[in-house]
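Participant: Please find start_3.txt (compact mmCIF, N, CA and C atoms) on the next line:
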```
# COMPACT_ATOMS: atom_id res chain seq x y z
N MET A 103 1.10 17.61 -19.06
CA MET A 103 2.10 16.80 -18.40
C MET A 103 2.08 15.40 -19.02
N PRO A 104 3.22 14.94 -19.51
CA PRO A 104 3.27 13.61 -20.12
C PRO A 104 2.91 12.52 -19.12
N ARG A 105 2.40 11.43 -19.66
CA ARG A 105 1.98 10.29 -18.84
C ARG A 105 3.10 9.80 -17.93
N SER A 106 4.34 9.78 -18.44
CA SER A 106 5.46 9.29 -17.66
C SER A 106 5.72 10.17 -16.44
N GLN A 107 5.31 11.43 -16.48
CA GLN A 107 5.47 12.32 -15.33
C GLN A 107 4.28 12.22 -14.39
N ARG A 108 3.10 11.90 -14.93
CA ARG A 108 1.89 11.77 -14.10
C ARG A 108 1.93 10.49 -13.27
N SER A 109 2.43 9.41 -13.83
CA SER A 109 2.38 8.12 -13.15
C SER A 109 3.01 8.15 -11.76
N PRO A 110 4.22 8.71 -11.59
CA PRO A 110 4.79 8.76 -10.24
C PRO A 110 3.94 9.60 -9.29
N LEU A 111 3.37 10.69 -9.80
CA LEU A 111 2.56 11.54 -8.95
C LEU A 111 1.25 10.86 -8.56
N LEU A 112 0.69 10.09 -9.47
CA LEU A 112 -0.51 9.31 -9.14
C LEU A 112 -0.20 8.25 -8.09
N LEU A 113 0.94 7.57 -8.25
CA LEU A 113 1.34 6.58 -7.26
C LEU A 113 1.58 7.25 -5.91
N ALA A 114 2.24 8.39 -5.92
CA ALA A 114 2.47 9.14 -4.67
C ALA A 114 1.14 9.54 -4.04
N GLY A 115 0.19 9.96 -4.85
CA GLY A 115 -1.13 10.33 -4.33
C GLY A 115 -1.86 9.16 -3.72
N LEU A 116 -1.78 8.00 -4.37
CA LEU A 116 -2.40 6.80 -3.82
C LEU A 116 -1.79 6.44 -2.47
N LEU A 117 -0.46 6.47 -2.41
CA LEU A 117 0.23 6.15 -1.15
C LEU A 117 -0.12 7.16 -0.06
N ALA A 118 -0.15 8.44 -0.40
CA ALA A 118 -0.46 9.47 0.59
C ALA A 118 -1.89 9.31 1.11
N ALA A 119 -2.83 9.07 0.20
CA ALA A 119 -4.22 8.90 0.63
C ALA A 119 -4.36 7.67 1.54
N ALA A 120 -3.73 6.59 1.15
CA ALA A 120 -3.78 5.37 1.98
C ALA A 120 -3.12 5.62 3.33
N GLY A 121 -1.99 6.32 3.32
CA GLY A 121 -1.30 6.61 4.57
C GLY A 121 -2.15 7.42 5.52
N VAL A 122 -2.82 8.42 4.99
CA VAL A 122 -3.69 9.27 5.83
C VAL A 122 -4.82 8.44 6.44
N THR A 123 -5.40 7.53 5.67
CA THR A 123 -6.52 6.74 6.21
C THR A 123 -6.10 5.87 7.38
N HIS A 124 -4.82 5.53 7.48
CA HIS A 124 -4.35 4.74 8.62
C HIS A 124 -4.50 5.51 9.93
N PHE A 125 -4.52 6.84 9.84
CA PHE A 125 -4.66 7.67 11.03
C PHE A 125 -6.10 8.14 11.22
N VAL A 126 -6.83 8.31 10.12
CA VAL A 126 -8.22 8.77 10.19
C VAL A 126 -9.17 7.64 10.60
N ALA A 127 -8.92 6.44 10.08
CA ALA A 127 -9.78 5.28 10.35
C ALA A 127 -8.92 4.06 10.66
N PRO A 128 -8.19 4.08 11.79
CA PRO A 128 -7.23 3.00 12.06
C PRO A 128 -7.86 1.64 12.35
N ARG A 129 -9.07 1.61 12.86
CA ARG A 129 -9.67 0.32 13.23
C ARG A 129 -9.74 -0.66 12.07
N GLN A 130 -10.07 -0.16 10.89
CA GLN A 130 -10.18 -1.06 9.74
C GLN A 130 -8.84 -1.72 9.44
N TYR A 131 -7.75 -1.03 9.69
CA TYR A 131 -6.42 -1.60 9.47
C TYR A 131 -6.00 -2.49 10.63
N ASP A 132 -6.35 -2.09 11.85
CA ASP A 132 -6.04 -2.92 13.02
C ASP A 132 -6.57 -4.33 12.83
N ALA A 133 -7.76 -4.43 12.25
CA ALA A 133 -8.42 -5.72 12.11
C ALA A 133 -7.71 -6.67 11.15
N ILE A 134 -6.88 -6.13 10.25
CA ILE A 134 -6.24 -7.01 9.27
C ILE A 134 -4.76 -7.24 9.54
N VAL A 135 -4.27 -6.71 10.66
CA VAL A 135 -2.87 -6.96 11.02
C VAL A 135 -2.75 -8.43 11.42
N PRO A 136 -1.87 -9.17 10.77
CA PRO A 136 -1.72 -10.59 11.15
C PRO A 136 -1.33 -10.73 12.62
N ARG A 137 -1.98 -11.66 13.30
CA ARG A 137 -1.75 -11.87 14.73
C ARG A 137 -0.34 -12.33 15.05
N ALA A 138 0.36 -12.88 14.09
CA ALA A 138 1.72 -13.38 14.33
C ALA A 138 2.72 -12.25 14.54
N LEU A 139 2.36 -11.04 14.16
CA LEU A 139 3.28 -9.91 14.33
C LEU A 139 3.34 -9.51 15.80
N PRO A 140 4.53 -9.16 16.29
CA PRO A 140 4.63 -8.74 17.69
C PRO A 140 4.02 -7.36 17.89
N GLY A 141 3.72 -7.03 19.13
CA GLY A 141 3.18 -5.72 19.44
C GLY A 141 1.68 -5.65 19.20
N THR A 142 1.17 -4.43 19.24
CA THR A 142 -0.27 -4.25 19.07
C THR A 142 -0.60 -3.96 17.60
N PRO A 143 -1.80 -4.33 17.18
CA PRO A 143 -2.19 -4.00 15.81
C PRO A 143 -2.12 -2.50 15.52
N ARG A 144 -2.48 -1.67 16.50
CA ARG A 144 -2.48 -0.22 16.27
C ARG A 144 -1.07 0.28 15.96
N THR A 145 -0.07 -0.30 16.61
CA THR A 145 1.31 0.09 16.32
C THR A 145 1.64 -0.19 14.87
N TRP A 146 1.24 -1.36 14.38
CA TRP A 146 1.50 -1.71 12.97
C TRP A 146 0.68 -0.84 12.02
N THR A 147 -0.54 -0.51 12.43
CA THR A 147 -1.37 0.38 11.60
C THR A 147 -0.70 1.73 11.43
N TYR A 148 -0.26 2.30 12.54
CA TYR A 148 0.39 3.61 12.46
C TYR A 148 1.73 3.52 11.73
N ALA A 149 2.49 2.47 11.99
CA ALA A 149 3.80 2.32 11.32
C ALA A 149 3.62 2.20 9.82
N SER A 150 2.62 1.43 9.38
CA SER A 150 2.42 1.29 7.94
C SER A 150 1.89 2.59 7.34
N GLY A 151 1.11 3.36 8.11
CA GLY A 151 0.67 4.67 7.63
C GLY A 151 1.83 5.62 7.45
N VAL A 152 2.74 5.64 8.42
CA VAL A 152 3.94 6.48 8.31
C VAL A 152 4.77 6.03 7.11
N ALA A 153 4.90 4.72 6.93
CA ALA A 153 5.68 4.19 5.80
C ALA A 153 5.06 4.65 4.48
N GLU A 154 3.75 4.57 4.36
CA GLU A 154 3.11 4.99 3.11
C GLU A 154 3.30 6.48 2.86
N LEU A 155 3.22 7.29 3.90
CA LEU A 155 3.43 8.72 3.73
C LEU A 155 4.87 9.01 3.32
N ALA A 156 5.82 8.32 3.92
CA ALA A 156 7.23 8.50 3.55
C ALA A 156 7.48 8.04 2.12
N LEU A 157 6.89 6.92 1.75
CA LEU A 157 7.05 6.42 0.38
C LEU A 157 6.43 7.40 -0.61
N ALA A 158 5.28 7.96 -0.26
CA ALA A 158 4.62 8.95 -1.13
C ALA A 158 5.54 10.13 -1.38
N ALA A 159 6.15 10.64 -0.33
CA ALA A 159 7.06 11.78 -0.47
C ALA A 159 8.25 11.38 -1.33
N GLY A 160 8.79 10.20 -1.10
CA GLY A 160 9.95 9.75 -1.88
C GLY A 160 9.64 9.56 -3.35
N VAL A 161 8.47 9.01 -3.64
CA VAL A 161 8.08 8.80 -5.04
C VAL A 161 7.78 10.14 -5.72
N ALA A 162 7.25 11.09 -4.98
CA ALA A 162 6.91 12.40 -5.57
C ALA A 162 8.14 13.21 -5.96
N LEU A 163 9.24 13.00 -5.25
CA LEU A 163 10.45 13.78 -5.52
C LEU A 163 11.35 13.08 -6.53
N PRO A 164 11.68 13.73 -7.62
CA PRO A 164 12.52 13.09 -8.65
C PRO A 164 13.85 12.56 -8.11
N ARG A 165 14.43 13.25 -7.17
CA ARG A 165 15.75 12.84 -6.66
C ARG A 165 15.71 11.49 -5.95
N THR A 166 14.61 11.18 -5.30
CA THR A 166 14.50 9.93 -4.53
C THR A 166 13.53 8.93 -5.15
N ARG A 167 13.00 9.27 -6.30
CA ARG A 167 11.91 8.48 -6.91
C ARG A 167 12.28 7.01 -7.13
N ARG A 168 13.43 6.74 -7.71
CA ARG A 168 13.78 5.37 -8.06
C ARG A 168 13.85 4.48 -6.81
N VAL A 169 14.57 4.94 -5.80
CA VAL A 169 14.71 4.15 -4.57
C VAL A 169 13.37 4.00 -3.86
N ALA A 170 12.62 5.09 -3.78
CA ALA A 170 11.32 5.05 -3.11
C ALA A 170 10.33 4.15 -3.84
N ALA A 171 10.37 4.17 -5.16
CA ALA A 171 9.46 3.31 -5.93
C ALA A 171 9.81 1.84 -5.73
N LEU A 172 11.09 1.52 -5.68
CA LEU A 172 11.48 0.14 -5.39
C LEU A 172 11.04 -0.27 -3.98
N ALA A 173 11.20 0.64 -3.03
CA ALA A 173 10.74 0.36 -1.67
C ALA A 173 9.22 0.20 -1.63
N THR A 174 8.53 0.97 -2.47
CA THR A 174 7.08 0.85 -2.56
C THR A 174 6.67 -0.52 -3.08
N ALA A 175 7.36 -1.01 -4.08
CA ALA A 175 7.07 -2.36 -4.60
C ALA A 175 7.24 -3.38 -3.47
N GLY A 176 8.32 -3.25 -2.71
CA GLY A 176 8.54 -4.14 -1.58
C GLY A 176 7.46 -4.00 -0.52
N PHE A 177 7.03 -2.78 -0.28
CA PHE A 177 5.96 -2.53 0.68
C PHE A 177 4.68 -3.23 0.25
N PHE A 178 4.34 -3.11 -1.02
CA PHE A 178 3.13 -3.76 -1.52
C PHE A 178 3.20 -5.28 -1.35
N VAL A 179 4.36 -5.85 -1.54
CA VAL A 179 4.53 -7.29 -1.30
C VAL A 179 4.39 -7.57 0.20
N GLY A 180 4.97 -6.70 1.01
CA GLY A 180 4.96 -6.91 2.46
C GLY A 180 3.60 -6.83 3.10
N VAL A 181 2.69 -6.06 2.54
CA VAL A 181 1.35 -5.96 3.13
C VAL A 181 0.40 -7.03 2.60
N PHE A 182 0.86 -7.85 1.69
CA PHE A 182 0.00 -8.90 1.13
C PHE A 182 -0.58 -9.81 2.21
N PRO A 183 0.18 -10.23 3.23
CA PRO A 183 -0.43 -11.08 4.27
C PRO A 183 -1.64 -10.44 4.96
N ALA A 184 -1.63 -9.13 5.10
CA ALA A 184 -2.80 -8.46 5.69
C ALA A 184 -4.01 -8.60 4.77
N ASN A 185 -3.78 -8.52 3.47
CA ASN A 185 -4.89 -8.69 2.52
C ASN A 185 -5.41 -10.12 2.54
N VAL A 186 -4.52 -11.08 2.70
CA VAL A 186 -4.95 -12.48 2.82
C VAL A 186 -5.78 -12.65 4.08
N LYS A 187 -5.32 -12.09 5.19
CA LYS A 187 -6.06 -12.19 6.45
C LYS A 187 -7.44 -11.58 6.30
N MET A 188 -7.51 -10.44 5.63
CA MET A 188 -8.80 -9.80 5.41
C MET A 188 -9.74 -10.70 4.60
N ALA A 189 -9.24 -11.29 3.54
CA ALA A 189 -10.06 -12.17 2.70
C ALA A 189 -10.56 -13.37 3.51
N VAL A 190 -9.71 -13.93 4.33
CA VAL A 190 -10.11 -15.07 5.17
C VAL A 190 -11.14 -14.63 6.21
N ASP A 191 -10.85 -13.55 6.89
CA ASP A 191 -11.75 -13.06 7.94
C ASP A 191 -13.11 -12.64 7.39
N TRP A 192 -13.15 -12.19 6.16
CA TRP A 192 -14.39 -11.68 5.59
C TRP A 192 -15.14 -12.73 4.76
N ARG A 193 -14.75 -13.98 4.86
CA ARG A 193 -15.39 -15.01 4.03
C ARG A 193 -16.87 -15.20 4.32
N ASN A 194 -17.35 -14.76 5.49
CA ASN A 194 -18.77 -14.88 5.83
C ASN A 194 -19.52 -13.55 5.79
N ARG A 195 -18.88 -12.53 5.29
CA ARG A 195 -19.52 -11.23 5.16
C ARG A 195 -20.44 -11.24 3.94
N PRO A 196 -21.28 -10.21 3.81
CA PRO A 196 -22.13 -10.12 2.61
C PRO A 196 -21.27 -10.14 1.34
N ALA A 197 -21.85 -10.66 0.27
CA ALA A 197 -21.14 -10.89 -0.99
C ALA A 197 -20.34 -9.67 -1.48
N PRO A 198 -20.88 -8.45 -1.48
CA PRO A 198 -20.07 -7.32 -1.99
C PRO A 198 -18.81 -7.08 -1.16
N LEU A 199 -18.91 -7.19 0.15
CA LEU A 199 -17.73 -7.00 1.01
C LEU A 199 -16.72 -8.13 0.81
N ARG A 200 -17.24 -9.35 0.75
CA ARG A 200 -16.37 -10.51 0.52
C ARG A 200 -15.65 -10.38 -0.82
N ALA A 201 -16.38 -9.97 -1.84
CA ALA A 201 -15.79 -9.79 -3.17
C ALA A 201 -14.71 -8.71 -3.15
N GLY A 202 -14.95 -7.64 -2.43
CA GLY A 202 -13.95 -6.58 -2.33
C GLY A 202 -12.68 -7.06 -1.64
N ALA A 203 -12.86 -7.85 -0.60
CA ALA A 203 -11.69 -8.38 0.12
C ALA A 203 -10.89 -9.34 -0.77
N ILE A 204 -11.59 -10.15 -1.52
CA ILE A 204 -10.92 -11.09 -2.41
C ILE A 204 -10.25 -10.35 -3.58
N ALA A 205 -10.89 -9.29 -4.07
CA ALA A 205 -10.34 -8.52 -5.19
C ALA A 205 -9.03 -7.83 -4.82
N ARG A 206 -8.82 -7.56 -3.54
CA ARG A 206 -7.58 -6.92 -3.11
C ARG A 206 -6.36 -7.81 -3.37
N LEU A 207 -6.57 -9.13 -3.37
CA LEU A 207 -5.43 -10.05 -3.51
C LEU A 207 -4.74 -9.89 -4.87
N PRO A 208 -5.44 -10.08 -5.98
CA PRO A 208 -4.74 -9.91 -7.27
C PRO A 208 -4.39 -8.46 -7.58
N LEU A 209 -5.02 -7.51 -6.90
CA LEU A 209 -4.71 -6.10 -7.12
C LEU A 209 -3.27 -5.77 -6.73
N GLN A 210 -2.70 -6.54 -5.83
CA GLN A 210 -1.32 -6.28 -5.42
C GLN A 210 -0.35 -6.42 -6.60
N VAL A 211 -0.64 -7.31 -7.53
CA VAL A 211 0.27 -7.53 -8.66
C VAL A 211 0.42 -6.26 -9.50
N PRO A 212 -0.67 -5.64 -9.97
CA PRO A 212 -0.47 -4.41 -10.76
C PRO A 212 0.14 -3.28 -9.93
N LEU A 213 -0.12 -3.25 -8.64
CA LEU A 213 0.49 -2.21 -7.80
C LEU A 213 2.01 -2.40 -7.74
N VAL A 214 2.45 -3.63 -7.57
CA VAL A 214 3.89 -3.91 -7.55
C VAL A 214 4.51 -3.57 -8.90
N LEU A 215 3.84 -3.96 -9.98
CA LEU A 215 4.36 -3.67 -11.33
C LEU A 215 4.39 -2.17 -11.61
N TRP A 216 3.38 -1.46 -11.13
CA TRP A 216 3.34 0.00 -11.29
C TRP A 216 4.52 0.64 -10.58
N ALA A 217 4.75 0.24 -9.33
CA ALA A 217 5.87 0.81 -8.57
C ALA A 217 7.20 0.49 -9.26
N ARG A 218 7.35 -0.73 -9.76
CA ARG A 218 8.59 -1.09 -10.46
C ARG A 218 8.76 -0.28 -11.74
N SER A 219 7.66 -0.02 -12.42
CA SER A 219 7.72 0.80 -13.64
C SER A 219 8.14 2.23 -13.30
N VAL A 220 7.61 2.77 -12.23
CA VAL A 220 8.01 4.11 -11.80
C VAL A 220 9.50 4.11 -11.47
N ALA A 221 9.96 3.06 -10.80
CA ALA A 221 11.39 2.97 -10.46
C ALA A 221 12.24 2.90 -11.72
N LYS A 222 11.80 2.12 -12.69
CA LYS A 222 12.57 1.94 -13.93
C LYS A 222 12.66 3.25 -14.72
N ASN A 223 11.58 4.00 -14.73
CA ASN A 223 11.51 5.23 -15.50
C ASN A 223 11.84 6.47 -14.69
N GLY A 224 12.05 6.30 -13.39
CA GLY A 224 12.26 7.43 -12.52
C GLY A 224 13.67 7.94 -12.54
N GLU A 225 13.81 9.07 -11.88
CA GLU A 225 15.12 9.65 -11.71
C GLU A 225 15.61 9.29 -10.32
N GLY A 226 16.71 9.80 -9.95
CA GLY A 226 17.20 9.62 -8.59
C GLY A 226 18.29 8.61 -8.50
N TRP A 227 18.59 8.20 -7.29
CA TRP A 227 19.69 7.29 -7.02
C TRP A 227 19.50 5.97 -7.73
N SER A 228 20.55 5.40 -8.21
CA SER A 228 20.48 4.10 -8.89
C SER A 228 20.74 2.99 -7.91
```
Re-express the file's structure as C-alpha cells.

Facilitator:
Amino acid sequence: MPRSQRSPLLLAGLLAAAGVTHFVAPRQYDAIVPRALPGTPRTWTYASGVAELALAAGVALPRTRRVAALATAGFFVGVFPANVKMAVDWRNRPAPLRAGAIARLPLQVPLVLWARSVAKNGEGWS
C-alpha cells in the first residue's frame, strides 16, 4: 500500500484510538476540560470522544476523507486549550509527566499539518 494511502488510515487509527480512550478512561480527559466551558467536564469528554470516532470514520472513507480531514485539523486546533490547561495544571508534577504535558503543545502543529495534508491529497467532497 503506497504511503499516500496509509497516511489517512494511520490518522483514522489515531483518532479512533483516542476516541475510544475517552470512554475507557474518561477521568484523565475530564481533568483537562477548561473550566470556562459550560456543562460538566464528562459531557465534553464524551462529546470529544464521539467527535474523534466520527472524524476517524470520515477520514477512513475515501468519499468523505477531504471534508473529514479538514474537520480533523480544526478539531486539533480546538482541543489545544485543553492541552494548555494540562501543561499548566501539571507544572508541579514529576519531571517526566510535566515534560509529557508540555510536549503535547507543539505536537498539535504536526497533527494539524498531517490532517491538512490528508485533506489535500484525499478524495471526496471538495

Participant: Report as a PyMOL selection string all protein, DNA and RNA residues lying within 12 Å of Leu113 in chain A, evaluated on only C-alpha atoms, omitting residues in the same chain fewer than 6 positions from it.

Facilitator: chain A and resi 106-107+119-120+154-155+157-163+167+170-171+174-175+178+212-221

Participant: Go ahead and compute the interatomic distance for atom N of Tyr131 in chain A and CA of Thr147 in chain A, in Å to one decimal.

Facilitator: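 Spanning atom N of Tyr131 in chain A to CA of Thr147 in chain A is a straight-line distance of 6.8 Å.
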
Participant: I need the residue nearest Tyr148 in chain A from this list: A:His124, A:Leu116, A:Gln130, A:Ala197. Use all atoms listed in the file for the distance.

Facilitator: A:His124

Participant: As JSON, numbers by chain, please: every residue in chain A that a backbone DSSP assignment puts in alpha helix (DSSP H).

Facilitator: {"A": [105, 106, 107, 108, 109, 110, 111, 112, 113, 114, 115, 116, 117, 118, 119, 120, 121, 122, 123, 124, 125, 126, 128, 129, 130, 131, 132, 143, 144, 145, 146, 147, 148, 149, 150, 151, 152, 153, 154, 155, 156, 157, 158, 159, 160, 161, 162, 167, 168, 169, 170, 171, 172, 173, 174, 175, 176, 177, 178, 179, 180, 182, 183, 184, 185, 186, 187, 188, 189, 190, 191, 197, 198, 199, 200, 201, 202, 203, 204, 205, 206, 207, 208, 209, 210, 211, 212, 213, 214, 215, 216, 217, 218, 219, 220, 221, 222, 223]}

Participant: Atom C of Asn223 in chain A and atom N of Gly115 in chain A, how far apart in Å?

Facilitator: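 It comes out at 15.6 Å.
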
Participant: What gap, in Å, lies between CA of Pro164 in chain A and CA of Leu117 in chain A?

Facilitator: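 So the answer is 16.0 Å.
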
Participant: Point out the residue among A:Pro128, A:Gly224, A:Pro183, A:Pro110 with the least atom-to-atom distance to Arg144 in chain A, counting all atoms listed in the file.

Facilitator: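 Closest residue, counting all atoms listed in the file: A:Pro128.
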
Participant: For range 150-220 of chain A against range 134-141 of chain A, with a cut-off of 7 Å and counting only N, CA and C atoms, what is the closest atom pair and its distance in Å to one decimal for every residue that makes the cut, ordered by chain and number, as a tab-separated table?

Facilitator:
```
residue	atom	partner	partner_atom	distance
A:Pro183	C	A:Pro136	N	6.0
A:Ala184	CA	A:Ile134	C	4.5
A:Asn185	N	A:Ile134	C	6.3
A:Lys187	C	A:Ile134	CA	5.6
A:Met188	N	A:Ile134	CA	5.2
```

Participant: Please list as a ChimeraX atom specification every residue within 9 Å of Val190 in chain A, counting only C-alpha atoms and excluding residues in the same chain fewer than 4 positions away.

Facilitator: /A:185-186,194,203-204

Participant: Taking all atoms listed in the file into account, which of A:Leu172, A:Gly151, A:Thr166, A:Leu207 comes nearest Ala189 in chain A?

Facilitator: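 Once distances to Ala189 in chain A are computed over all atoms listed in the file, the minimum belongs to A:Leu207.
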
Participant: Grab all the atoms of range 206-221 of chain A that the file lists, wrap them in a box along x, y and z, add 3 Å per side, and give me centre plus edge lengths in Å (one decimal) as JSON.

Facilitator:
```
{"center_x": 1.7, "center_y": -3.0, "center_z": -8.4, "size_x": 27.1, "size_y": 20.2, "size_z": 16.5}
```

Participant: Could you add whatever atoms are missing so that range 200-224 of chain A carries N, CA, C and O atoms, then write the result as a CSV table (one decimal), in the coordinates of the input?

Facilitator:
```csv
chain,number,residue,atom,x,y,z
A,200,ARG,N,-17.2,-9.4,0.8
A,200,ARG,CA,-16.4,-10.5,0.5
A,200,ARG,C,-15.6,-10.4,-0.8
A,200,ARG,O,-14.5,-10.6,-0.9
A,201,ALA,N,-16.4,-10.0,-1.8
A,201,ALA,CA,-15.8,-9.8,-3.2
A,201,ALA,C,-14.7,-8.7,-3.2
A,201,ALA,O,-13.6,-8.9,-3.8
A,202,GLY,N,-15.0,-7.6,-2.4
A,202,GLY,CA,-14.0,-6.6,-2.3
A,202,GLY,C,-12.7,-7.1,-1.6
A,202,GLY,O,-11.6,-6.7,-2.1
A,203,ALA,N,-12.9,-7.8,-0.6
A,203,ALA,CA,-11.7,-8.4,0.1
A,203,ALA,C,-10.9,-9.3,-0.8
A,203,ALA,O,-9.7,-9.3,-0.8
A,204,ILE,N,-11.6,-10.2,-1.5
A,204,ILE,CA,-10.9,-11.1,-2.4
A,204,ILE,C,-10.2,-10.4,-3.6
A,204,ILE,O,-9.1,-10.7,-4.0
A,205,ALA,N,-10.9,-9.3,-4.1
A,205,ALA,CA,-10.3,-8.5,-5.2
A,205,ALA,C,-9.0,-7.8,-4.8
A,205,ALA,O,-8.2,-7.6,-5.7
A,206,ARG,N,-8.8,-7.6,-3.5
A,206,ARG,CA,-7.6,-6.9,-3.1
A,206,ARG,C,-6.4,-7.8,-3.4
A,206,ARG,O,-5.3,-7.3,-3.6
A,207,LEU,N,-6.6,-9.1,-3.4
A,207,LEU,CA,-5.4,-10.0,-3.5
A,207,LEU,C,-4.7,-9.9,-4.9
A,207,LEU,O,-3.5,-9.6,-4.9
A,208,PRO,N,-5.4,-10.1,-6.0
A,208,PRO,CA,-4.7,-9.9,-7.3
A,208,PRO,C,-4.4,-8.5,-7.6
A,208,PRO,O,-3.5,-8.2,-8.4
A,209,LEU,N,-5.0,-7.5,-6.9
A,209,LEU,CA,-4.7,-6.1,-7.1
A,209,LEU,C,-3.3,-5.8,-6.7
A,209,LEU,O,-2.7,-4.8,-7.3
A,210,GLN,N,-2.7,-6.5,-5.8
A,210,GLN,CA,-1.3,-6.3,-5.4
A,210,GLN,C,-0.4,-6.4,-6.6
A,210,GLN,O,0.6,-5.7,-6.6
A,211,VAL,N,-0.6,-7.3,-7.5
A,211,VAL,CA,0.3,-7.5,-8.7
A,211,VAL,C,0.4,-6.3,-9.5
A,211,VAL,O,1.5,-5.8,-9.7
A,212,PRO,N,-0.7,-5.6,-10.0
A,212,PRO,CA,-0.5,-4.4,-10.8
A,212,PRO,C,0.1,-3.3,-9.9
A,212,PRO,O,0.9,-2.4,-10.5
A,213,LEU,N,-0.1,-3.2,-8.6
A,213,LEU,CA,0.5,-2.2,-7.8
A,213,LEU,C,2.0,-2.4,-7.7
A,213,LEU,O,2.8,-1.4,-7.9
A,214,VAL,N,2.4,-3.6,-7.6
A,214,VAL,CA,3.9,-3.9,-7.6
A,214,VAL,C,4.5,-3.6,-8.9
A,214,VAL,O,5.6,-2.9,-9.0
A,215,LEU,N,3.8,-4.0,-10.0
A,215,LEU,CA,4.4,-3.7,-11.3
A,215,LEU,C,4.4,-2.2,-11.6
A,215,LEU,O,5.3,-1.7,-12.2
A,216,TRP,N,3.4,-1.5,-11.1
A,216,TRP,CA,3.3,0.0,-11.3
A,216,TRP,C,4.5,0.6,-10.6
A,216,TRP,O,5.2,1.5,-11.1
A,217,ALA,N,4.8,0.2,-9.3
A,217,ALA,CA,5.9,0.8,-8.6
A,217,ALA,C,7.2,0.5,-9.3
A,217,ALA,O,8.1,1.3,-9.3
A,218,ARG,N,7.4,-0.7,-9.8
A,218,ARG,CA,8.6,-1.1,-10.5
A,218,ARG,C,8.8,-0.3,-11.7
A,218,ARG,O,9.9,0.1,-12.1
A,219,SER,N,7.7,0.0,-12.4
A,219,SER,CA,7.7,0.8,-13.6
A,219,SER,C,8.1,2.2,-13.3
A,219,SER,O,9.0,2.8,-14.0
A,220,VAL,N,7.6,2.8,-12.2
A,220,VAL,CA,8.0,4.1,-11.8
A,220,VAL,C,9.5,4.1,-11.5
A,220,VAL,O,10.2,5.0,-11.8
A,221,ALA,N,10.0,3.1,-10.8
A,221,ALA,CA,11.4,3.0,-10.5
A,221,ALA,C,12.2,2.9,-11.7
A,221,ALA,O,13.3,3.6,-11.8
A,222,LYS,N,11.8,2.1,-12.7
A,222,LYS,CA,12.6,1.9,-13.9
A,222,LYS,C,12.7,3.2,-14.7
A,222,LYS,O,13.7,3.6,-15.3
A,223,ASN,N,11.6,4.0,-14.7
A,223,ASN,CA,11.5,5.2,-15.5
A,223,ASN,C,11.8,6.5,-14.7
A,223,ASN,O,11.9,7.6,-15.2
A,224,GLY,N,12.0,6.3,-13.4
A,224,GLY,CA,12.3,7.4,-12.5
A,224,GLY,C,13.7,7.9,-12.5
A,224,GLY,O,14.6,7.4,-13.1
```
